[in-house]
Amino acid sequence: MVEVTLDLDAGPTPLLILQTESWEVHIWAPLKDLSRLSEIREATWPNRRSLQAGICAGTPVFWSLTEDDHAALLIGQDDETWDAALLIPLTTVDAIVALTHHPPPARP
């Protein structure tokens, strides 16, 4: 299971934190970019489609649906020559999209 946290107060751009017991990744992205992840079911890797949403470690993050209905996060200069990749359940992407529509309250 991947825990999803959206920190709206992290800086000028919201911070999306994805983590499990063994890894954590930080993605900086405007809410409008993250909300586009609702289109991931059309961004299939067999058709060489992906969505670019966010920045991680100073490089773009590309999102694509795999053949086994997982989302691939491809971190690198483009979606074919990426430097790091993670597979997450598609339900995690749905949780991210839900947070963009109902973001957590800002900290006082």
# chains A, B, ... in the order shown; residues from 1 in each chain; ligands from 1
$ select_by_dssp --residues "chain A" --states "strand (DSSP E or B)" --output "PyMOL selection string"
chain A and resi 3-7+15-19+24-28+44+51-56+59-65+70-76+82-89
$ residues_around --residues "Ala95 (chain A)" --least-positions-apart "4" --cutoff "10 Å" --atoms "only C-alpha atoms" --output "list in words"
Val2, Glu3, Val4, Thr5, Ser38, Leu90, Thr91, Leu99 and Thr100 of chain A
$ residues_around --residues "Thr92 (chain A)" --least-positions-apart "6" --cutoff "12 Å" --atoms "only C-alpha atoms" --output "VMD selection string"
chain A and resid 1 to 5 16 to 20 37 to 38 40 69 to 73 98 to 99
$ write_last_selection --atoms "all heavy atoms" --output "tab-separated table (two decimals), in the first residue's frame"
chain	number	residue	atom	x	y	z
A	1	MET	N	0.84	-1.18	0.00
A	1	MET	CA	0.00	0.00	0.00
A	1	MET	C	0.89	1.24	0.00
A	1	MET	O	1.88	1.32	0.70
A	1	MET	CB	-0.89	-0.01	1.23
A	1	MET	CG	-1.82	1.15	1.27
A	1	MET	SD	-3.04	0.86	2.57
A	1	MET	CE	-3.51	2.49	2.90
A	2	VAL	N	0.49	2.22	-0.79
A	2	VAL	CA	1.23	3.46	-0.90
A	2	VAL	C	0.46	4.55	-0.17
A	2	VAL	O	-0.72	4.78	-0.45
A	2	VAL	CB	1.44	3.87	-2.37
A	2	VAL	CG1	2.20	5.18	-2.46
A	2	VAL	CG2	2.17	2.76	-3.14
A	3	GLU	N	1.12	5.19	0.78
A	3	GLU	CA	0.50	6.31	1.49
A	3	GLU	C	0.67	7.58	0.66
A	3	GLU	O	1.75	7.84	0.13
A	3	GLU	CB	1.16	6.49	2.86
A	3	GLU	CG	0.48	7.54	3.70
A	3	GLU	CD	1.08	7.63	5.09
A	3	GLU	OE1	1.59	6.62	5.59
A	3	GLU	OE2	1.04	8.74	5.65
A	4	VAL	N	-0.40	8.35	0.55
A	4	VAL	CA	-0.40	9.57	-0.26
A	4	VAL	C	-0.62	10.77	0.66
A	4	VAL	O	-1.59	10.81	1.42
A	4	VAL	CB	-1.53	9.54	-1.32
A	4	VAL	CG1	-1.55	10.82	-2.12
A	4	VAL	CG2	-1.37	8.32	-2.22
A	5	THR	N	0.30	11.75	0.59
A	5	THR	CA	0.18	12.98	1.35
A	5	THR	C	0.34	14.15	0.39
A	5	THR	O	1.24	14.14	-0.45
A	5	THR	CB	1.26	13.07	2.45
A	5	THR	OG1	1.20	11.92	3.26
A	5	THR	CG2	1.08	14.31	3.30
A	16	LEU	N	3.65	16.53	-3.30
A	16	LEU	CA	3.01	15.23	-3.21
A	16	LEU	C	4.04	14.25	-2.67
A	16	LEU	O	5.14	14.12	-3.23
A	16	LEU	CB	2.53	14.78	-4.61
A	16	LEU	CG	1.98	13.37	-4.72
A	16	LEU	CD1	0.67	13.23	-3.94
A	16	LEU	CD2	1.79	13.00	-6.18
A	17	ILE	N	3.69	13.57	-1.58
A	17	ILE	CA	4.60	12.59	-1.00
A	17	ILE	C	3.95	11.21	-1.14
A	17	ILE	O	2.81	11.00	-0.71
A	17	ILE	CB	4.87	12.88	0.49
A	17	ILE	CG1	5.47	14.28	0.64
A	17	ILE	CG2	5.78	11.82	1.09
A	17	ILE	CD1	5.52	14.77	2.08
A	18	LEU	N	4.66	10.30	-1.78
A	18	LEU	CA	4.24	8.92	-1.91
A	18	LEU	C	5.23	8.09	-1.11
A	18	LEU	O	6.44	8.24	-1.27
A	18	LEU	CB	4.24	8.48	-3.37
A	18	LEU	CG	3.39	9.30	-4.33
A	18	LEU	CD1	3.57	8.80	-5.76
A	18	LEU	CD2	1.93	9.26	-3.93
A	19	GLN	N	4.71	7.20	-0.23
A	19	GLN	CA	5.65	6.42	0.57
A	19	GLN	C	5.07	5.06	0.96
A	19	GLN	O	3.86	4.89	1.07
A	19	GLN	CB	6.08	7.18	1.81
A	19	GLN	CG	5.00	7.46	2.82
A	19	GLN	CD	5.48	8.37	3.93
A	19	GLN	OE1	5.30	9.57	3.85
A	19	GLN	NE2	6.08	7.79	4.95
A	20	THR	N	5.98	4.14	1.12
A	20	THR	CA	5.69	2.82	1.66
A	20	THR	C	6.68	2.60	2.80
A	20	THR	O	7.46	3.49	3.13
A	20	THR	CB	5.87	1.71	0.60
A	20	THR	OG1	7.25	1.58	0.28
A	20	THR	CG2	5.05	1.99	-0.65
A	37	LEU	N	-4.00	13.63	-13.87
A	37	LEU	CA	-3.76	12.19	-13.74
A	37	LEU	C	-5.05	11.38	-13.85
A	37	LEU	O	-5.00	10.16	-14.02
A	37	LEU	CB	-3.04	11.89	-12.43
A	37	LEU	CG	-1.62	12.46	-12.33
A	37	LEU	CD1	-1.04	12.17	-10.95
A	37	LEU	CD2	-0.73	11.92	-13.43
A	38	SER	N	-6.18	12.06	-13.81
A	38	SER	CA	-7.46	11.36	-14.04
A	38	SER	C	-7.51	10.76	-15.44
A	38	SER	O	-8.29	9.86	-15.71
A	38	SER	CB	-8.64	12.32	-13.84
A	38	SER	OG	-8.59	13.35	-14.81
A	40	ILE	N	-5.09	9.03	-16.79
A	40	ILE	CA	-4.05	8.00	-16.91
A	40	ILE	C	-4.52	6.74	-17.63
A	40	ILE	O	-3.74	6.06	-18.27
A	40	ILE	CB	-3.42	7.66	-15.54
A	40	ILE	CG1	-2.10	6.91	-15.77
A	40	ILE	CG2	-4.39	6.89	-14.67
A	40	ILE	CD1	-1.18	6.86	-14.61
A	69	ASP	N	-2.28	-2.89	-15.31
A	69	ASP	CA	-3.10	-1.91	-14.58
A	69	ASP	C	-2.43	-1.34	-13.34
A	69	ASP	O	-3.06	-1.17	-12.30
A	69	ASP	CB	-4.47	-2.48	-14.23
A	69	ASP	CG	-5.38	-2.57	-15.44
A	69	ASP	OD1	-5.16	-1.79	-16.39
A	69	ASP	OD2	-6.28	-3.41	-15.45
A	70	HIS	N	-1.16	-1.07	-13.45
A	70	HIS	CA	-0.43	-0.30	-12.46
A	70	HIS	C	-0.03	1.01	-13.14
A	70	HIS	O	-0.03	1.13	-14.36
A	70	HIS	CB	0.83	-1.04	-11.99
A	70	HIS	CG	0.55	-2.05	-10.95
A	70	HIS	ND1	0.02	-3.29	-11.25
A	70	HIS	CD2	0.73	-2.02	-9.62
A	70	HIS	CE1	-0.12	-3.98	-10.14
A	70	HIS	NE2	0.30	-3.24	-9.13
A	71	ALA	N	0.32	1.98	-12.33
A	71	ALA	CA	0.85	3.23	-12.88
A	71	ALA	C	2.36	3.20	-12.76
A	71	ALA	O	2.90	2.83	-11.71
A	71	ALA	CB	0.28	4.43	-12.12
A	72	ALA	N	3.03	3.57	-13.81
A	72	ALA	CA	4.48	3.69	-13.80
A	72	ALA	C	4.83	5.16	-13.65
A	72	ALA	O	4.31	6.00	-14.39
A	72	ALA	CB	5.07	3.14	-15.10
A	73	LEU	N	5.66	5.47	-12.66
A	73	LEU	CA	6.21	6.82	-12.51
A	73	LEU	C	7.61	6.76	-13.08
A	73	LEU	O	8.45	5.99	-12.62
A	73	LEU	CB	6.31	7.22	-11.04
A	73	LEU	CG	5.07	7.78	-10.37
A	73	LEU	CD1	4.03	6.71	-10.19
A	73	LEU	CD2	5.45	8.38	-9.06
A	98	ALA	N	-8.27	12.44	-6.29
A	98	ALA	CA	-9.30	12.82	-5.30
A	98	ALA	C	-8.79	13.95	-4.40
A	98	ALA	O	-9.55	14.87	-4.08
A	98	ALA	CB	-9.70	11.61	-4.47
A	99	LEU	N	-7.51	13.89	-4.01
A	99	LEU	CA	-6.96	14.96	-3.18
A	99	LEU	C	-6.90	16.29	-3.91
A	99	LEU	O	-7.01	17.34	-3.28
A	99	LEU	CB	-5.56	14.58	-2.69
A	99	LEU	CG	-5.49	13.66	-1.49
A	99	LEU	CD1	-4.04	13.27	-1.22
A	99	LEU	CD2	-6.10	14.33	-0.26
$ closest_residue --among "A:Leu8, A:Ala43, A:Ile75, A:Leu87" --to "Ala57 (chain A)" --atoms "only C-alpha atoms"
A:Ile75
$ atom_distance --atom1 "CA of Ala10 (chain A)" --atom2 "CA of Pro103 (chain A)"
13.5 Å
$ select_by_dssp --residues "chain A" --states "helix (DSSP H, G or I)" --output "list in words"
Leu31, Lys32, Asp33, Leu34, Ser35, Arg36, Leu37, Ser38, Glu39, Ile40, Arg41, Glu42, Trp45, Pro46, Asn47, Leu90, Thr91, Thr92, Val93, Asp94, Ala95, Ile96, Val97, Ala98, Leu99, Thr100 and His101 of chain A
$ write_last_selection --atoms "C-alpha atoms" --output "mmCIF file, in the first residue's frame"
data_model
loop_
_atom_site.group_PDB
_atom_site.id
_atom_site.type_symbol
_atom_site.label_atom_id
_atom_site.label_comp_id
_atom_site.auth_asym_id
_atom_site.auth_seq_id
_atom_site.Cartn_x
_atom_site.Cartn_y
_atom_site.Cartn_z
ATOM 1 C CA LEU A 31 -2.823 20.857 -8.375
ATOM 2 C CA LYS A 32 -4.006 21.340 -11.965
ATOM 3 C CA ASP A 33 -1.178 19.107 -13.206
ATOM 4 C CA LEU A 34 -1.936 16.408 -10.637
ATOM 5 C CA SER A 35 -5.646 16.534 -11.482
ATOM 6 C CA ARG A 36 -4.736 15.609 -15.087
ATOM 7 C CA LEU A 37 -3.757 12.190 -13.741
ATOM 8 C CA SER A 38 -7.463 11.362 -14.039
ATOM 9 C CA GLU A 39 -6.584 10.740 -17.706
ATOM 10 C CA ILE A 40 -4.047 8.001 -16.908
ATOM 11 C CA ARG A 41 -6.264 5.217 -18.213
ATOM 12 C CA GLU A 42 -5.739 6.645 -21.705
ATOM 13 C CA TRP A 45 2.686 2.577 -22.258
ATOM 14 C CA PRO A 46 2.029 0.009 -25.021
ATOM 15 C CA ASN A 47 0.702 2.982 -27.065
ATOM 16 C CA LEU A 90 -3.785 2.495 -9.999
ATOM 17 C CA THR A 91 -5.849 3.128 -6.851
ATOM 18 C CA THR A 92 -2.992 5.339 -5.620
ATOM 19 C CA VAL A 93 -3.369 7.556 -8.686
ATOM 20 C CA ASP A 94 -7.107 7.726 -8.033
ATOM 21 C CA ALA A 95 -6.341 8.849 -4.450
ATOM 22 C CA ILE A 96 -4.034 11.592 -5.778
ATOM 23 C CA VAL A 97 -6.740 12.853 -8.133
ATOM 24 C CA ALA A 98 -9.297 12.822 -5.302
ATOM 25 C CA LEU A 99 -6.960 14.957 -3.177
ATOM 26 C CA THR A 100 -6.686 17.538 -5.963
ATOM 27 C CA HIS A 101 -10.472 17.914 -5.942
#
$ residues_around --residues "Trp28 (chain A)" --least-positions-apart "3" --cutoff "10 Å" --atoms "only C-alpha atoms" --output "count of residues only"
20
$ closest_residue --among "A:Pro30, A:Arg49, A:Ser64, A:Pro105" --to "Ala85 (chain A)" --atoms "only C-alpha atoms"
A:Ser64
$ residues_around --residues "Arg48 (chain A)" --least-positions-apart "3" --cutoff "12 Å" --atoms "only C-alpha atoms" --output "list in words"
Glu42, Ala43, Thr44, Trp45, Leu51, Phe62, Trp63, Ser64, Leu65, Thr66, Glu67, Asp78, Asp79 and Glu80 of chain A
$ write_last_selection --atoms "all heavy atoms" --output "compact mmCIF listing (two decimals), in the first residue's frame"
# COMPACT_ATOMS: atom_id res chain seq x y z
N GLU A 42 -5.98 6.49 -20.27
CA GLU A 42 -5.74 6.64 -21.71
C GLU A 42 -4.25 6.75 -22.02
O GLU A 42 -3.85 6.73 -23.18
CB GLU A 42 -6.45 7.90 -22.24
CG GLU A 42 -7.96 7.74 -22.35
CD GLU A 42 -8.64 7.99 -21.01
OE1 GLU A 42 -8.31 8.97 -20.35
OE2 GLU A 42 -9.51 7.18 -20.64
N ALA A 43 -3.43 6.90 -21.00
CA ALA A 43 -1.98 7.06 -21.19
C ALA A 43 -1.30 5.71 -21.01
O ALA A 43 -0.62 5.45 -20.02
CB ALA A 43 -1.44 8.08 -20.20
N THR A 44 -1.49 4.85 -21.97
CA THR A 44 -0.95 3.49 -21.86
C THR A 44 0.44 3.40 -22.47
O THR A 44 0.70 3.95 -23.54
CB THR A 44 -1.87 2.48 -22.55
OG1 THR A 44 -1.99 2.80 -23.92
CG2 THR A 44 -3.24 2.44 -21.89
N TRP A 45 1.32 2.70 -21.76
CA TRP A 45 2.69 2.58 -22.26
C TRP A 45 2.76 1.75 -23.55
O TRP A 45 3.55 2.10 -24.44
CB TRP A 45 3.60 1.99 -21.18
CG TRP A 45 5.00 2.05 -21.63
CD1 TRP A 45 5.85 1.01 -21.83
CD2 TRP A 45 5.73 3.23 -22.00
NE1 TRP A 45 7.06 1.46 -22.29
CE2 TRP A 45 7.00 2.82 -22.42
CE3 TRP A 45 5.42 4.58 -22.05
CZ2 TRP A 45 7.98 3.71 -22.84
CZ3 TRP A 45 6.39 5.47 -22.48
CH2 TRP A 45 7.65 5.03 -22.87
N LEU A 51 1.70 10.94 -19.27
CA LEU A 51 1.32 12.27 -18.81
C LEU A 51 2.50 12.84 -18.03
O LEU A 51 3.06 12.15 -17.18
CB LEU A 51 0.10 12.20 -17.89
CG LEU A 51 -1.16 11.58 -18.47
CD1 LEU A 51 -2.16 11.32 -17.36
CD2 LEU A 51 -1.75 12.50 -19.51
N PHE A 62 6.93 11.50 -15.39
CA PHE A 62 5.97 11.02 -16.38
C PHE A 62 5.19 9.87 -15.77
O PHE A 62 5.74 9.06 -15.04
CB PHE A 62 6.69 10.58 -17.66
CG PHE A 62 7.45 11.69 -18.32
CD1 PHE A 62 8.76 11.95 -17.96
CD2 PHE A 62 6.85 12.48 -19.27
CE1 PHE A 62 9.46 12.99 -18.54
CE2 PHE A 62 7.54 13.53 -19.86
CZ PHE A 62 8.85 13.78 -19.50
N TRP A 63 3.90 9.80 -16.08
CA TRP A 63 2.99 8.79 -15.53
C TRP A 63 2.38 8.04 -16.69
O TRP A 63 1.93 8.64 -17.67
CB TRP A 63 1.88 9.47 -14.74
CG TRP A 63 2.33 10.39 -13.66
CD1 TRP A 63 2.93 11.60 -13.82
CD2 TRP A 63 2.20 10.20 -12.26
NE1 TRP A 63 3.18 12.17 -12.60
CE2 TRP A 63 2.74 11.34 -11.61
CE3 TRP A 63 1.66 9.18 -11.47
CZ2 TRP A 63 2.76 11.48 -10.24
CZ3 TRP A 63 1.68 9.33 -10.09
CH2 TRP A 63 2.23 10.46 -9.49
N SER A 64 2.35 6.72 -16.60
CA SER A 64 1.79 5.91 -17.67
C SER A 64 1.13 4.66 -17.07
O SER A 64 1.55 4.17 -16.02
CB SER A 64 2.91 5.50 -18.63
OG SER A 64 2.40 4.80 -19.74
N LEU A 65 0.12 4.16 -17.74
CA LEU A 65 -0.56 2.95 -17.32
C LEU A 65 0.15 1.75 -17.94
O LEU A 65 0.41 1.71 -19.14
CB LEU A 65 -2.03 2.98 -17.78
CG LEU A 65 -2.92 1.84 -17.34
CD1 LEU A 65 -3.10 1.86 -15.83
CD2 LEU A 65 -4.26 1.93 -18.03
N THR A 66 0.47 0.76 -17.11
CA THR A 66 1.14 -0.44 -17.61
C THR A 66 0.10 -1.46 -18.06
O THR A 66 -1.10 -1.30 -17.82
CB THR A 66 2.03 -1.07 -16.52
OG1 THR A 66 1.20 -1.55 -15.47
CG2 THR A 66 3.04 -0.07 -16.00
N GLU A 67 0.57 -2.53 -18.69
CA GLU A 67 -0.34 -3.56 -19.17
C GLU A 67 -1.06 -4.28 -18.04
O GLU A 67 -2.13 -4.84 -18.23
CB GLU A 67 0.41 -4.56 -20.03
CG GLU A 67 0.85 -3.97 -21.35
CD GLU A 67 1.63 -4.97 -22.19
OE1 GLU A 67 1.94 -6.08 -21.72
OE2 GLU A 67 1.92 -4.63 -23.34
N ASP A 78 12.82 12.44 -20.10
CA ASP A 78 11.64 12.13 -20.91
C ASP A 78 11.15 10.74 -20.53
O ASP A 78 11.75 10.08 -19.69
CB ASP A 78 11.90 12.28 -22.41
CG ASP A 78 12.97 11.33 -22.93
OD1 ASP A 78 12.91 10.13 -22.63
OD2 ASP A 78 13.87 11.80 -23.65
N ASP A 79 10.06 10.32 -21.14
CA ASP A 79 9.45 9.06 -20.73
C ASP A 79 10.08 7.82 -21.35
O ASP A 79 9.64 6.71 -21.10
CB ASP A 79 7.94 9.08 -20.99
CG ASP A 79 7.59 9.31 -22.45
OD1 ASP A 79 8.51 9.47 -23.28
OD2 ASP A 79 6.40 9.35 -22.76
N GLU A 80 11.13 8.01 -22.14
CA GLU A 80 11.83 6.86 -22.70
C GLU A 80 13.25 6.72 -22.18
O GLU A 80 13.82 5.63 -22.22
CB GLU A 80 11.83 6.94 -24.23
CG GLU A 80 10.44 6.73 -24.80
CD GLU A 80 10.46 6.50 -26.29
OE1 GLU A 80 11.50 6.09 -26.83
OE2 GLU A 80 9.41 6.73 -26.91
$ atom_distance --atom1 "CA of Trp23 (chain A)" --atom2 "CA of Ser50 (chain A)"
23.0 Å
